[in-house]
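To be precise, the following lines are query12.csv, and they hold CSV, C-alpha atoms.
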```
chain,number,residue,atom,x,y,z
A,1,MET,CA,13.5,34.0,-4.5
A,2,PHE,CA,11.2,32.4,-7.0
A,3,TYR,CA,10.2,34.6,-10.0
A,4,LEU,CA,6.8,33.3,-11.1
A,5,ASP,CA,6.5,35.7,-14.1
A,6,ARG,CA,9.8,34.5,-15.5
A,7,VAL,CA,9.0,30.9,-15.0
A,8,ALA,CA,5.6,31.4,-16.8
A,9,GLU,CA,7.5,32.9,-19.7
A,10,ALA,CA,10.0,30.0,-19.8
A,11,LEU,CA,7.1,27.5,-19.8
A,12,ALA,CA,5.4,29.3,-22.7
A,13,THR,CA,8.5,28.9,-24.8
A,14,LYS,CA,8.4,25.1,-24.4
A,15,ARG,CA,4.6,24.7,-24.9
A,16,SER,CA,5.0,22.9,-28.2
A,17,SER,CA,7.3,20.3,-26.6
A,18,PHE,CA,4.9,19.6,-23.7
A,19,THR,CA,1.9,19.5,-26.1
A,20,ARG,CA,3.6,16.8,-28.3
A,21,GLN,CA,4.5,14.7,-25.3
A,22,GLU,CA,0.9,14.9,-23.9
A,23,SER,CA,-0.6,14.0,-27.2
A,24,ALA,CA,1.6,11.0,-27.6
A,25,PHE,CA,0.8,9.9,-24.0
A,26,GLN,CA,-3.0,10.2,-24.6
A,27,SER,CA,-2.7,8.3,-27.8
A,28,THR,CA,-0.8,5.4,-26.1
A,29,LEU,CA,-3.3,5.5,-23.2
A,30,ALA,CA,-6.2,5.2,-25.6
A,31,ALA,CA,-4.6,2.2,-27.2
A,32,TYR,CA,-4.3,0.3,-23.9
A,33,ARG,CA,-7.9,1.2,-23.0
A,34,ARG,CA,-9.1,-0.3,-26.3
A,35,VAL,CA,-7.4,-3.6,-25.6
A,36,LEU,CA,-8.9,-3.8,-22.1
A,37,SER,CA,-12.4,-2.8,-23.1
A,38,ALA,CA,-12.4,-5.4,-25.9
A,39,LEU,CA,-11.6,-8.3,-23.5
A,40,PRO,CA,-15.1,-9.7,-23.5
A,41,GLN,CA,-15.0,-10.1,-27.3
A,42,ARG,CA,-11.8,-12.0,-27.1
A,43,ALA,CA,-12.5,-14.0,-23.9
A,44,ALA,CA,-16.0,-14.3,-22.5
A,45,THR,CA,-14.9,-16.0,-19.3
A,46,ALA,CA,-11.9,-15.8,-16.9
A,47,ALA,CA,-10.9,-19.4,-18.0
A,48,ALA,CA,-10.8,-18.3,-21.7
A,49,LEU,CA,-8.8,-15.3,-20.9
A,50,GLN,CA,-6.4,-17.3,-18.8
A,51,ASP,CA,-5.9,-19.7,-21.8
A,52,LEU,CA,-5.0,-16.7,-24.0
A,53,LEU,CA,-2.5,-15.4,-21.4
A,54,LEU,CA,-0.9,-18.8,-20.9
A,55,ALA,CA,-0.2,-19.0,-24.7
A,56,GLN,CA,2.0,-15.9,-24.3
A,57,PRO,CA,5.6,-16.2,-23.0
A,58,GLY,CA,6.8,-14.5,-19.8
A,59,ALA,CA,4.9,-12.9,-16.9
A,60,HIS,CA,1.4,-11.7,-17.8
A,61,GLY,CA,1.0,-9.0,-15.1
A,62,ALA,CA,-2.4,-10.1,-13.9
A,63,GLN,CA,-4.8,-13.1,-14.0
A,64,PRO,CA,-8.6,-12.9,-14.0
A,65,LEU,CA,-10.7,-14.0,-11.1
A,66,ALA,CA,-14.4,-15.0,-11.2
A,67,ALA,CA,-15.5,-11.4,-11.0
A,68,TYR,CA,-14.3,-11.0,-14.6
A,69,ASP,CA,-17.1,-13.4,-15.7
A,70,ALA,CA,-19.8,-11.3,-14.1
A,71,TRP,CA,-18.4,-8.1,-15.8
A,72,ALA,CA,-18.1,-9.8,-19.2
A,73,ALA,CA,-21.6,-11.3,-18.9
A,74,ARG,CA,-23.1,-7.8,-18.5
A,75,SER,CA,-22.2,-7.3,-22.2
A,76,PRO,CA,-20.3,-4.0,-21.6
A,77,SER,CA,-20.7,-1.3,-24.2
A,78,PRO,CA,-17.7,-0.6,-26.5
A,79,GLY,CA,-15.1,1.4,-24.6
A,80,ASP,CA,-16.3,0.1,-21.1
A,81,LEU,CA,-13.4,-1.0,-18.9
A,82,PRO,CA,-13.6,-3.7,-16.2
A,83,VAL,CA,-15.3,-1.7,-13.5
A,84,GLN,CA,-17.7,-2.6,-10.7
A,85,PRO,CA,-19.9,0.5,-10.2
A,86,PHE,CA,-20.5,1.7,-6.6
A,87,GLY,CA,-24.0,2.6,-7.7
A,88,ARG,CA,-24.6,5.5,-5.3
A,89,ALA,CA,-24.4,9.2,-5.6
A,90,PHE,CA,-24.6,11.6,-2.6
A,91,ALA,CA,-26.3,15.0,-2.8
A,92,HIS,CA,-23.9,16.4,-0.2
A,93,HIS,CA,-21.2,15.4,2.2
A,94,GLU,CA,-23.7,15.0,5.1
A,95,ALA,CA,-25.5,12.3,3.1
A,96,ALA,CA,-22.2,10.6,2.4
A,97,ARG,CA,-21.3,10.6,6.1
A,98,THR,CA,-24.8,9.1,6.9
A,99,TRP,CA,-24.2,6.3,4.5
A,100,ALA,CA,-20.6,5.8,5.8
A,101,GLU,CA,-21.8,5.6,9.4
A,102,ALA,CA,-24.3,2.8,8.5
A,103,ALA,CA,-21.7,0.9,6.4
A,104,ILE,CA,-19.0,0.9,9.1
A,105,THR,CA,-20.9,0.6,12.3
A,106,GLY,CA,-20.0,-2.6,14.1
A,107,MET,CA,-16.9,-3.1,11.9
A,108,THR,CA,-13.5,-3.1,13.8
A,109,THR,CA,-10.7,-1.6,11.7
A,110,ALA,CA,-7.1,-1.7,12.6
A,111,ALA,CA,-4.5,0.4,10.7
A,112,VAL,CA,-0.8,0.6,11.3
A,113,ASP,CA,1.9,3.0,10.2
A,114,GLY,CA,5.5,3.7,11.4
A,115,SER,CA,8.4,6.1,11.6
A,116,GLN,CA,12.1,5.8,12.4
A,117,ILE,CA,15.2,7.7,13.6
A,118,GLN,CA,18.3,6.9,11.6
A,119,PRO,CA,21.7,6.9,13.4
A,120,TRP,CA,23.6,10.2,13.0
A,121,GLN,CA,26.8,9.8,11.1
A,122,ASP,CA,29.3,11.3,13.5
A,123,ALA,CA,28.1,9.2,16.5
A,124,PRO,CA,30.8,6.8,17.7
A,125,VAL,CA,28.1,4.6,19.2
A,126,PRO,CA,25.4,4.1,16.6
A,127,VAL,CA,21.8,4.1,17.7
A,128,GLY,CA,18.5,3.9,15.8
A,129,LEU,CA,14.8,3.8,16.7
A,130,VAL,CA,11.7,2.5,15.0
A,131,GLN,CA,8.1,2.8,16.1
A,132,ALA,CA,4.8,1.6,14.8
A,133,GLY,CA,1.4,3.0,15.8
A,134,ILE,CA,-1.8,1.0,15.5
A,135,PHE,CA,-5.2,2.5,15.6
A,136,VAL,CA,-8.0,0.1,16.5
A,137,ASN,CA,-11.6,1.5,16.0
A,138,PRO,CA,-14.6,-0.8,16.8
A,139,HIS,CA,-17.0,1.8,15.4
A,140,ASP,CA,-19.3,1.0,18.4
A,141,ALA,CA,-20.5,3.6,20.7
A,142,THR,CA,-20.2,1.3,23.7
A,143,ARG,CA,-16.5,0.4,23.1
A,144,PRO,CA,-13.7,3.0,22.9
A,145,TYR,CA,-11.1,3.1,20.1
A,146,ARG,CA,-7.5,2.4,21.0
A,147,LYS,CA,-4.1,3.8,20.1
A,148,VAL,CA,-1.0,1.8,20.8
A,149,VAL,CA,2.6,2.6,19.9
A,150,GLU,CA,5.3,0.0,19.9
A,151,ILE,CA,8.9,1.2,20.0
A,152,GLU,CA,12.2,-0.6,19.4
A,153,VAL,CA,15.6,1.0,20.1
A,154,LEU,CA,18.3,-0.5,17.8
A,155,ALA,CA,21.7,-1.1,19.4
A,156,PRO,CA,25.1,-1.1,17.7
A,157,ASP,CA,25.1,-4.8,17.0
A,158,GLU,CA,21.7,-4.5,15.3
A,159,LEU,CA,23.0,-1.7,13.1
A,160,ALA,CA,26.4,-3.2,12.1
A,161,PRO,CA,26.8,-2.9,8.3
A,162,LEU,CA,26.9,-6.3,6.5
A,163,ALA,CA,29.8,-6.3,4.1
A,164,VAL,CA,28.9,-8.2,1.0
A,165,GLY,CA,31.3,-6.6,-1.5
A,166,ASP,CA,33.5,-3.7,-2.1
A,167,ASP,CA,30.7,-1.2,-2.6
A,168,ASP,CA,27.5,-3.2,-1.9
A,169,GLY,CA,27.0,-3.3,1.8
A,170,VAL,CA,23.8,-3.5,3.9
A,171,THR,CA,24.0,-0.1,5.6
A,172,PRO,CA,22.7,0.9,9.1
A,173,GLU,CA,20.1,3.1,7.3
A,174,ALA,CA,18.8,0.2,5.3
A,175,LEU,CA,18.6,-2.0,8.4
A,176,VAL,CA,16.6,0.7,10.2
A,177,ASN,CA,14.2,0.9,7.3
A,178,LEU,CA,13.8,-2.9,7.4
A,179,ARG,CA,13.2,-3.0,11.1
A,180,ARG,CA,10.5,-0.4,10.8
A,181,PHE,CA,8.7,-2.4,8.1
A,182,GLU,CA,9.1,-5.6,10.1
A,183,LEU,CA,7.6,-3.9,13.2
A,184,GLU,CA,4.6,-2.5,11.3
A,185,ALA,CA,3.9,-6.0,9.8
A,186,ARG,CA,4.4,-7.8,13.1
A,187,VAL,CA,2.0,-5.4,15.0
A,188,LEU,CA,-0.7,-5.8,12.4
A,189,ALA,CA,-0.2,-9.6,12.0
A,190,ASN,CA,-0.4,-10.1,15.8
A,191,TRP,CA,-3.6,-8.0,16.0
A,192,MET,CA,-5.2,-10.3,13.5
A,193,ARG,CA,-4.1,-13.3,15.5
A,194,GLU,CA,-5.4,-11.7,18.7
A,195,VAL,CA,-8.8,-11.4,17.0
A,196,ALA,CA,-8.7,-15.1,16.2
A,197,GLY,CA,-7.5,-16.0,19.7
A,198,THR,CA,-4.1,-17.3,18.5
A,199,PRO,CA,-1.6,-14.6,19.4
A,200,ARG,CA,2.2,-15.1,19.2
A,201,PRO,CA,4.7,-14.0,21.8
A,202,GLY,CA,5.9,-10.4,21.4
A,203,VAL,CA,4.1,-7.4,20.2
A,204,SER,CA,0.5,-7.8,21.0
A,205,VAL,CA,-2.6,-5.6,20.9
A,206,PRO,CA,-5.5,-7.6,22.3
A,207,PRO,CA,-9.0,-6.5,21.1
A,208,ASP,CA,-11.2,-4.8,23.7
A,209,GLY,CA,-13.8,-7.6,23.8
A,210,PRO,CA,-14.7,-10.3,21.3
A,211,VAL,CA,-14.3,-9.3,17.6
A,212,PRO,CA,-15.8,-11.8,15.1
A,213,PRO,CA,-13.3,-12.1,12.2
A,214,GLU,CA,-16.0,-11.3,9.7
A,215,THR,CA,-16.5,-7.9,11.3
A,216,ALA,CA,-12.7,-7.0,11.4
A,217,LEU,CA,-10.5,-5.4,8.8
A,218,ALA,CA,-6.7,-4.9,9.0
A,219,ILE,CA,-5.3,-2.0,6.9
A,220,LEU,CA,-1.7,-1.6,5.9
A,221,ASP,CA,-0.4,1.7,4.4
A,222,GLY,CA,1.7,0.4,1.5
A,223,SER,CA,2.0,-2.6,-0.8
A,224,LEU,CA,2.0,-6.3,-0.1
A,225,ILE,CA,4.2,-6.8,-3.2
A,226,VAL,CA,7.6,-5.6,-2.2
A,227,SER,CA,9.0,-5.0,-5.7
A,228,PHE,CA,11.1,-2.1,-4.3
A,229,ALA,CA,13.2,-4.8,-2.5
A,230,LEU,CA,14.4,-6.2,-5.8
A,231,LYS,CA,17.2,-3.7,-5.9
A,232,MET,CA,18.3,-4.6,-2.4
A,233,HIS,CA,20.8,-7.2,-1.2
A,234,PRO,CA,19.2,-10.7,-1.0
A,235,VAL,CA,19.5,-10.6,2.8
A,236,LEU,CA,17.3,-7.5,3.0
A,237,ARG,CA,15.0,-8.7,0.2
A,238,ALA,CA,14.3,-12.0,2.0
A,239,ALA,CA,13.5,-10.2,5.2
A,240,TYR,CA,10.9,-8.0,3.5
A,241,VAL,CA,9.3,-10.9,1.8
A,242,LEU,CA,9.2,-12.9,5.0
A,243,ALA,CA,7.4,-10.0,6.8
A,244,VAL,CA,4.7,-9.8,4.1
A,245,ARG,CA,4.3,-13.6,4.0
A,246,ASP,CA,3.7,-13.6,7.7
A,247,LEU,CA,1.0,-10.9,7.2
A,248,LEU,CA,-0.7,-13.0,4.5
A,249,GLU,CA,-0.5,-16.1,6.7
A,250,ALA,CA,-2.0,-14.3,9.7
A,251,SER,CA,-4.9,-13.0,7.6
A,252,GLU,CA,-5.7,-16.4,6.2
A,253,SER,CA,-5.3,-18.4,9.4
A,254,SER,CA,-7.4,-15.8,11.4
A,255,HIS,CA,-9.9,-15.2,8.6
A,256,VAL,CA,-9.5,-11.5,9.2
A,257,PRO,CA,-9.5,-9.6,5.8
A,258,LEU,CA,-6.4,-7.6,5.1
A,259,VAL,CA,-6.0,-4.7,2.7
A,260,ALA,CA,-3.0,-2.7,1.6
A,261,TYR,CA,-3.8,0.9,0.5
A,262,ILE,CA,-1.5,2.6,-2.0
A,263,ASP,CA,-2.7,6.2,-2.6
A,264,SER,CA,-0.4,6.9,-5.5
A,265,SER,CA,0.6,3.6,-7.3
A,266,ARG,CA,3.0,3.1,-10.1
A,267,ALA,CA,2.1,-0.6,-10.6
A,268,ARG,CA,1.8,-1.8,-14.2
A,269,ASP,CA,0.1,-5.2,-13.8
A,270,LEU,CA,-2.8,-4.5,-16.2
A,271,ILE,CA,-0.4,-2.6,-18.5
A,272,SER,CA,1.6,-5.9,-18.7
A,273,LEU,CA,-1.6,-7.9,-19.3
A,274,ALA,CA,-2.6,-5.7,-22.2
A,275,ARG,CA,0.9,-6.0,-23.8
A,276,ALA,CA,0.8,-9.7,-23.3
A,277,LEU,CA,-2.4,-9.9,-25.4
A,278,ALA,CA,-1.4,-7.1,-27.8
A,279,PRO,CA,2.4,-7.1,-28.2
A,280,GLU,CA,2.2,-4.4,-30.8
A,281,LEU,CA,1.1,-1.8,-28.1
A,282,PRO,CA,3.8,0.9,-27.7
A,283,GLU,CA,5.9,0.7,-24.5
A,284,SER,CA,5.6,3.7,-22.2
A,285,ARG,CA,7.4,3.8,-18.9
A,286,ARG,CA,5.2,6.8,-18.0
A,287,LEU,CA,2.0,4.8,-18.2
A,288,TYR,CA,0.7,3.1,-15.0
A,289,ASP,CA,-2.5,1.1,-14.2
A,290,ALA,CA,-3.9,4.0,-12.3
A,291,HIS,CA,-4.0,6.1,-15.5
A,292,LEU,CA,-6.2,3.6,-17.3
A,293,TRP,CA,-9.5,4.4,-15.7
A,294,GLY,CA,-10.2,8.0,-16.5
A,295,ALA,CA,-13.9,8.9,-16.8
A,296,SER,CA,-14.9,5.2,-16.7
A,297,MET,CA,-14.8,5.4,-12.9
A,298,ALA,CA,-17.1,7.6,-10.8
A,299,TRP,CA,-16.4,8.2,-7.1
A,300,GLY,CA,-16.6,4.9,-5.2
A,301,ASP,CA,-16.3,2.7,-8.3
A,302,CYS,CA,-13.7,0.0,-8.2
A,303,ALA,CA,-12.0,-2.2,-10.8
A,304,VAL,CA,-12.9,-5.8,-11.2
A,305,PRO,CA,-10.4,-7.6,-8.9
A,306,TRP,CA,-7.4,-9.3,-10.5
A,307,LEU,CA,-4.7,-11.7,-9.3
A,308,SER,CA,-1.2,-10.2,-9.5
A,309,ALA,CA,1.0,-12.2,-11.8
A,310,ARG,CA,3.9,-9.8,-12.4
A,311,GLY,CA,6.6,-12.3,-11.5
A,312,ASP,CA,9.6,-10.4,-10.2
A,313,VAL,CA,9.6,-10.5,-6.4
A,314,LEU,CA,6.5,-12.6,-6.2
A,315,GLU,CA,8.6,-15.6,-7.4
A,316,GLN,CA,10.2,-15.5,-4.0
A,317,TYR,CA,6.9,-15.7,-2.1
A,318,GLY,CA,6.9,-19.5,-2.3
A,319,ALA,CA,3.4,-21.0,-1.8
A,320,GLN,CA,2.0,-17.4,-1.6
A,321,ARG,CA,3.3,-16.4,-5.0
A,322,ASP,CA,-0.3,-16.4,-6.3
A,323,ALA,CA,-1.9,-15.2,-3.1
A,324,ILE,CA,-2.2,-11.4,-3.7
A,325,ALA,CA,-5.1,-9.8,-5.6
A,326,PHE,CA,-5.7,-6.1,-6.4
A,327,THR,CA,-8.3,-3.6,-7.5
A,328,TYR,CA,-8.4,0.2,-8.0
A,329,LEU,CA,-10.8,2.4,-6.1
A,330,ARG,CA,-11.8,5.9,-7.0
A,331,ALA,CA,-11.3,7.8,-3.7
A,332,THR,CA,-11.3,11.4,-5.0
A,333,ALA,CA,-12.7,13.0,-8.1
A,334,ASP,CA,-9.5,14.9,-9.0
A,335,ARG,CA,-6.9,12.1,-8.6
A,336,PRO,CA,-6.2,8.7,-10.3
A,337,PRO,CA,-7.8,5.8,-8.3
A,338,ALA,CA,-5.9,4.3,-5.4
A,339,ARG,CA,-4.6,0.7,-5.7
A,340,VAL,CA,-5.9,-1.7,-3.1
A,341,GLU,CA,-4.2,-5.0,-2.6
A,342,MET,CA,-5.6,-8.0,-0.5
A,343,PRO,CA,-5.2,-11.7,-0.1
A,344,ALA,CA,-6.7,-13.6,-3.0
A,345,TRP,CA,-9.1,-15.4,-0.7
A,346,VAL,CA,-10.8,-12.0,0.1
A,347,ALA,CA,-11.1,-11.1,-3.6
A,348,ARG,CA,-12.5,-14.5,-4.5
A,349,ASP,CA,-15.5,-14.0,-2.1
A,350,SER,CA,-17.7,-11.5,-3.8
A,351,VAL,CA,-19.8,-10.8,-0.7
A,352,LEU,CA,-16.7,-10.3,1.5
A,353,PHE,CA,-15.0,-8.2,-1.3
A,354,GLY,CA,-18.0,-5.9,-1.4
A,355,ARG,CA,-18.1,-5.5,2.3
A,356,VAL,CA,-14.4,-4.7,2.5
A,357,MET,CA,-14.7,-2.1,-0.2
A,358,ASP,CA,-17.7,-0.5,1.5
A,359,VAL,CA,-15.6,-0.2,4.7
A,360,LEU,CA,-12.8,1.5,2.7
A,361,ARG,CA,-15.3,3.8,1.1
A,362,ALA,CA,-16.7,4.8,4.5
A,363,GLU,CA,-13.1,5.4,5.9
A,364,ILE,CA,-12.4,7.6,2.8
A,365,ILE,CA,-15.6,9.6,3.4
A,366,VAL,CA,-14.7,10.2,7.0
A,367,GLY,CA,-11.1,11.1,6.0
A,368,ASN,CA,-12.2,13.5,3.3
A,369,GLY,CA,-10.5,11.6,0.5
A,370,TYR,CA,-8.0,9.4,2.4
A,371,PRO,CA,-8.8,6.5,4.8
A,372,TYR,CA,-9.3,8.0,8.2
A,373,ALA,CA,-7.8,4.9,10.0
A,374,ILE,CA,-4.5,5.3,8.1
A,375,GLU,CA,-4.4,9.0,8.6
A,376,THR,CA,-4.8,8.5,12.4
A,377,ALA,CA,-2.2,5.8,12.5
A,378,ASP,CA,0.2,8.1,10.7
A,379,ALA,CA,-0.4,10.9,13.2
A,380,LEU,CA,0.1,8.4,16.0
A,381,ALA,CA,3.4,7.1,14.7
A,382,VAL,CA,5.0,10.2,13.3
A,383,ILE,CA,8.3,11.4,14.9
A,384,SER,CA,8.7,15.2,14.6
A,385,VAL,CA,12.0,17.2,14.3
A,386,ALA,CA,11.5,18.2,17.9
A,387,ASP,CA,11.0,14.6,18.9
A,388,ARG,CA,14.3,13.6,17.1
A,389,GLU,CA,16.2,16.4,19.0
A,390,ARG,CA,14.7,15.2,22.3
A,391,PHE,CA,15.8,11.6,21.5
A,392,ALA,CA,19.3,12.8,20.7
A,393,GLN,CA,19.5,14.7,24.0
A,394,LEU,CA,18.1,11.7,25.9
A,395,PHE,CA,20.7,9.3,24.3
A,396,ALA,CA,23.5,11.8,25.1
A,397,HIS,CA,22.4,11.8,28.7
A,398,PHE,CA,22.2,8.0,28.7
A,399,ALA,CA,25.7,7.8,27.2
A,400,ALA,CA,27.1,10.2,29.7
A,401,GLU,CA,25.7,8.1,32.6
A,402,SER,CA,27.4,5.1,31.1
A,403,GLY,CA,30.7,6.9,30.7
A,404,TRP,CA,30.8,7.2,26.9
A,405,GLN,CA,31.5,10.3,24.9
A,406,VAL,CA,28.8,10.9,22.3
A,407,ASN,CA,28.7,13.9,19.9
A,408,MET,CA,25.2,15.4,19.6
A,409,PRO,CA,24.0,15.6,16.0
A,410,THR,CA,24.0,19.0,14.4
A,411,ARG,CA,20.7,20.7,13.7
A,412,LYS,CA,21.5,20.1,10.0
A,413,ALA,CA,21.8,16.4,10.7
A,414,ILE,CA,18.6,16.4,12.7
A,415,SER,CA,16.8,18.0,9.8
A,416,LYS,CA,18.1,15.3,7.4
A,417,LEU,CA,16.9,12.7,9.9
A,418,GLN,CA,13.4,14.0,9.1
A,419,ARG,CA,13.1,11.1,6.6
A,420,ARG,CA,10.0,9.0,7.6
```
Give the structure from this file in structure tokens form.
Amino acid sequence: MFYLDRVAEALATKRSSFTRQESAFQSTLAAYRRVLSALPQRAATAAALQDLLLAQPGAHGAQPLAAYDAWAARSPSPGDLPVQPFGRAFAHHEAARTWAEAAITGMTTAAVDGSQIQPWQDAPVPVGLVQAGIFVNPHDATRPYRKVVEIEVLAPDELAPLAVGDDDGVTPEALVNLRRFELEARVLANWMREVAGTPRPGVSVPPDGPVPPETALAILDGSLIVSFALKMHPVLRAAYVLAVRDLLEASESSHVPLVAYIDSSRARDLISLARALAPELPESRRLYDAHLWGASMAWGDCAVPWLSARGDVLEQYGAQRDAIAFTYLRATADRPPARVEMPAWVARDSVLFGRVMDVLRAEIIVGNGYPYAIETADALAVISVADRERFAQLFAHFAAESGWQVNMPTRKAISKLQRR
């Protein structure tokens, strides 16, 4: 039982500690904002800012694009951050939906998400499953939307741990997570290639009728910069990087814009840029790019796009090391802005960038604060606890027909397998 009154009393006794921490955080945040808002005074153009950054050692977090020039030329007021205003305000949600419908009509969006079933520990014959759902919506009353689910069952030889040291193996669980990521990326990359008429063998979701690339948008739930893989064994890290590089290649070769949507981001690219220009800034591991914008962004506003230059895993992207741009988009009034990543060629085209952001805004309006396309793909791909139990029963029946003895997972184990 949870005793709210006693918890409230305990919190009150620690109020001064929380207050000190919050005050220190806000002071640090204000210092970083001052550095970013003063950029036009230090560098009036992207080229000048790039020269300043190149004079500093190490990775710089971010590099300016041409959009920086337009922002700096507007002579922003003191305290203004590099923001591109949406420039619209809606009197009510009906007005917002009317705008969204006009902005997205005729645009075909495709979003992908996935789920997995991990092998249960006491099974003598390991088995896993991954699936990816793609939701393709032409936003055209004459053409239906489509929902397609791709499934892969992972056999024992695909789940065999890779021994790389006494206590540093690539586990079956890690391999299942990788295969899910690879499947999501492959489904979305092949959809982009189908739009361009250059599909590859394997997972394929042909468009329902011709889709000009300039009216298409591919949406990934997650990041194109797989920094999380830095802590993994090189075999896994290389596979994650390869999957993302294939997505980037598919987008560029098909001319279909691609965006990766991160609802709650802990990226620090602009934090690193500010520290590169002002090394005296205090370090704070609690401070992320998403915290920077505060009241400088109204709903629908986005940050000036930047090229990610954080180093780390991007050093392993080869020719695509400098191929990922990012912005931040205010999707809700009560949350920090979402991070949106995209191929650099999309961000460099101001007209295309504006169109892509409008499509995202429309998706967010329809989804009441979260892109509807991703929300639908998630619902399509999710594997419930009941689904996991049915899979276990199906596999047990399959094993019995094959003459094997397989222990069913306990309900506790099934509950633990709820990890998505």
May I have the residues within 12 Å of Thr198 of chain A as a list in words, using only C-alpha atoms and disregarding those fewer than 2 positions away in the same chain? Ala189, Asn190, Trp191, Met192, Arg193, Glu194, Val195, Ala196, Arg200, Pro201, Ser204, Pro206, Ala250, Ser251, Ser253, Ser254 and His255 of chain A
Residues within 12 Å of Leu29 of chain A, all atoms listed in the file, excluding chain neighbours under 5 positions, as a CSV table (one decimal) with C-alpha atoms, in the coordinates of the input:
```
chain,number,residue,atom,x,y,z
A,22,GLU,CA,0.9,14.9,-23.9
A,23,SER,CA,-0.6,14.0,-27.2
A,24,ALA,CA,1.6,11.0,-27.6
A,34,ARG,CA,-9.1,-0.3,-26.3
A,35,VAL,CA,-7.4,-3.6,-25.6
A,36,LEU,CA,-8.9,-3.8,-22.1
A,271,ILE,CA,-0.4,-2.6,-18.5
A,274,ALA,CA,-2.6,-5.7,-22.2
A,281,LEU,CA,1.1,-1.8,-28.1
A,282,PRO,CA,3.8,0.9,-27.7
A,283,GLU,CA,5.9,0.7,-24.5
A,284,SER,CA,5.6,3.7,-22.2
A,285,ARG,CA,7.4,3.8,-18.9
A,286,ARG,CA,5.2,6.8,-18.0
A,287,LEU,CA,2.0,4.8,-18.2
A,288,TYR,CA,0.7,3.1,-15.0
A,289,ASP,CA,-2.5,1.1,-14.2
A,290,ALA,CA,-3.9,4.0,-12.3
A,291,HIS,CA,-4.0,6.1,-15.5
A,292,LEU,CA,-6.2,3.6,-17.3
A,293,TRP,CA,-9.5,4.4,-15.7
A,294,GLY,CA,-10.2,8.0,-16.5
```
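Straight-line separation from atom CA of Pro138 of chain A to atom CA of Leu183 of chain A: 22.7 Å.
The point (-15.1, 6.9, -5.3) has these residues within 6 Å of it when only C-alpha atoms are used: Ala298, Trp299, Gly300, Asp301, Arg330, Ala331 and Thr332 of chain A.
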So that all listed atoms of segment 104-123 of chain A fit with 4 Å spare on each side, what axis-aligned box centre and edge lengths in Å, to one decimal, would you give as JSON?
```
{"center_x": 4.2, "center_y": 4.1, "center_z": 12.8, "size_x": 58.2, "size_y": 22.4, "size_z": 15.4}
```
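When atom CA of Leu242 of chain A is paired with atom CA of Asp312 of chain A, their separation reads 15.4 Å.
Atom to atom, atom CA of Val176 of chain A and atom CA of Glu152 of chain A stand 10.3 Å apart.
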Contact residues around His139 of chain A with all atoms listed in the file at 8 Å, ignoring same-chain residues under 4 positions, as a PyMOL selection string: chain A and resi 104-108+143+145
Ranking A:Ala30, A:Leu220, A:Leu258, A:Ala102 by minimum distance to Leu352 of chain A and counting all atoms listed in the file, which one comes first?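 Of A:Ala30, A:Leu220, A:Leu258, A:Ala102, the one nearest Leu352 of chain A, counting all atoms listed in the file, is A:Leu258.
Here the question is which of A:Ala399, A:Ala111, A:Ile364, A:Ala309 gets nearest to Arg97 of chain A using all atoms listed in the file, and that residue is A:Ile364.
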Residues within 6 Å of (-14.2, -5.1, -8.8), counting only C-alpha atoms, listed as a ChimeraX atom specification: /A:83-84,302-305
Got a sec: who's within 12 Å of Asp157 of chain A, counting all atoms listed in the file, leaving out chain neighbours fewer than 5 positions off, as a PyMOL selection string? chain A and resi 125-128+162+172+175
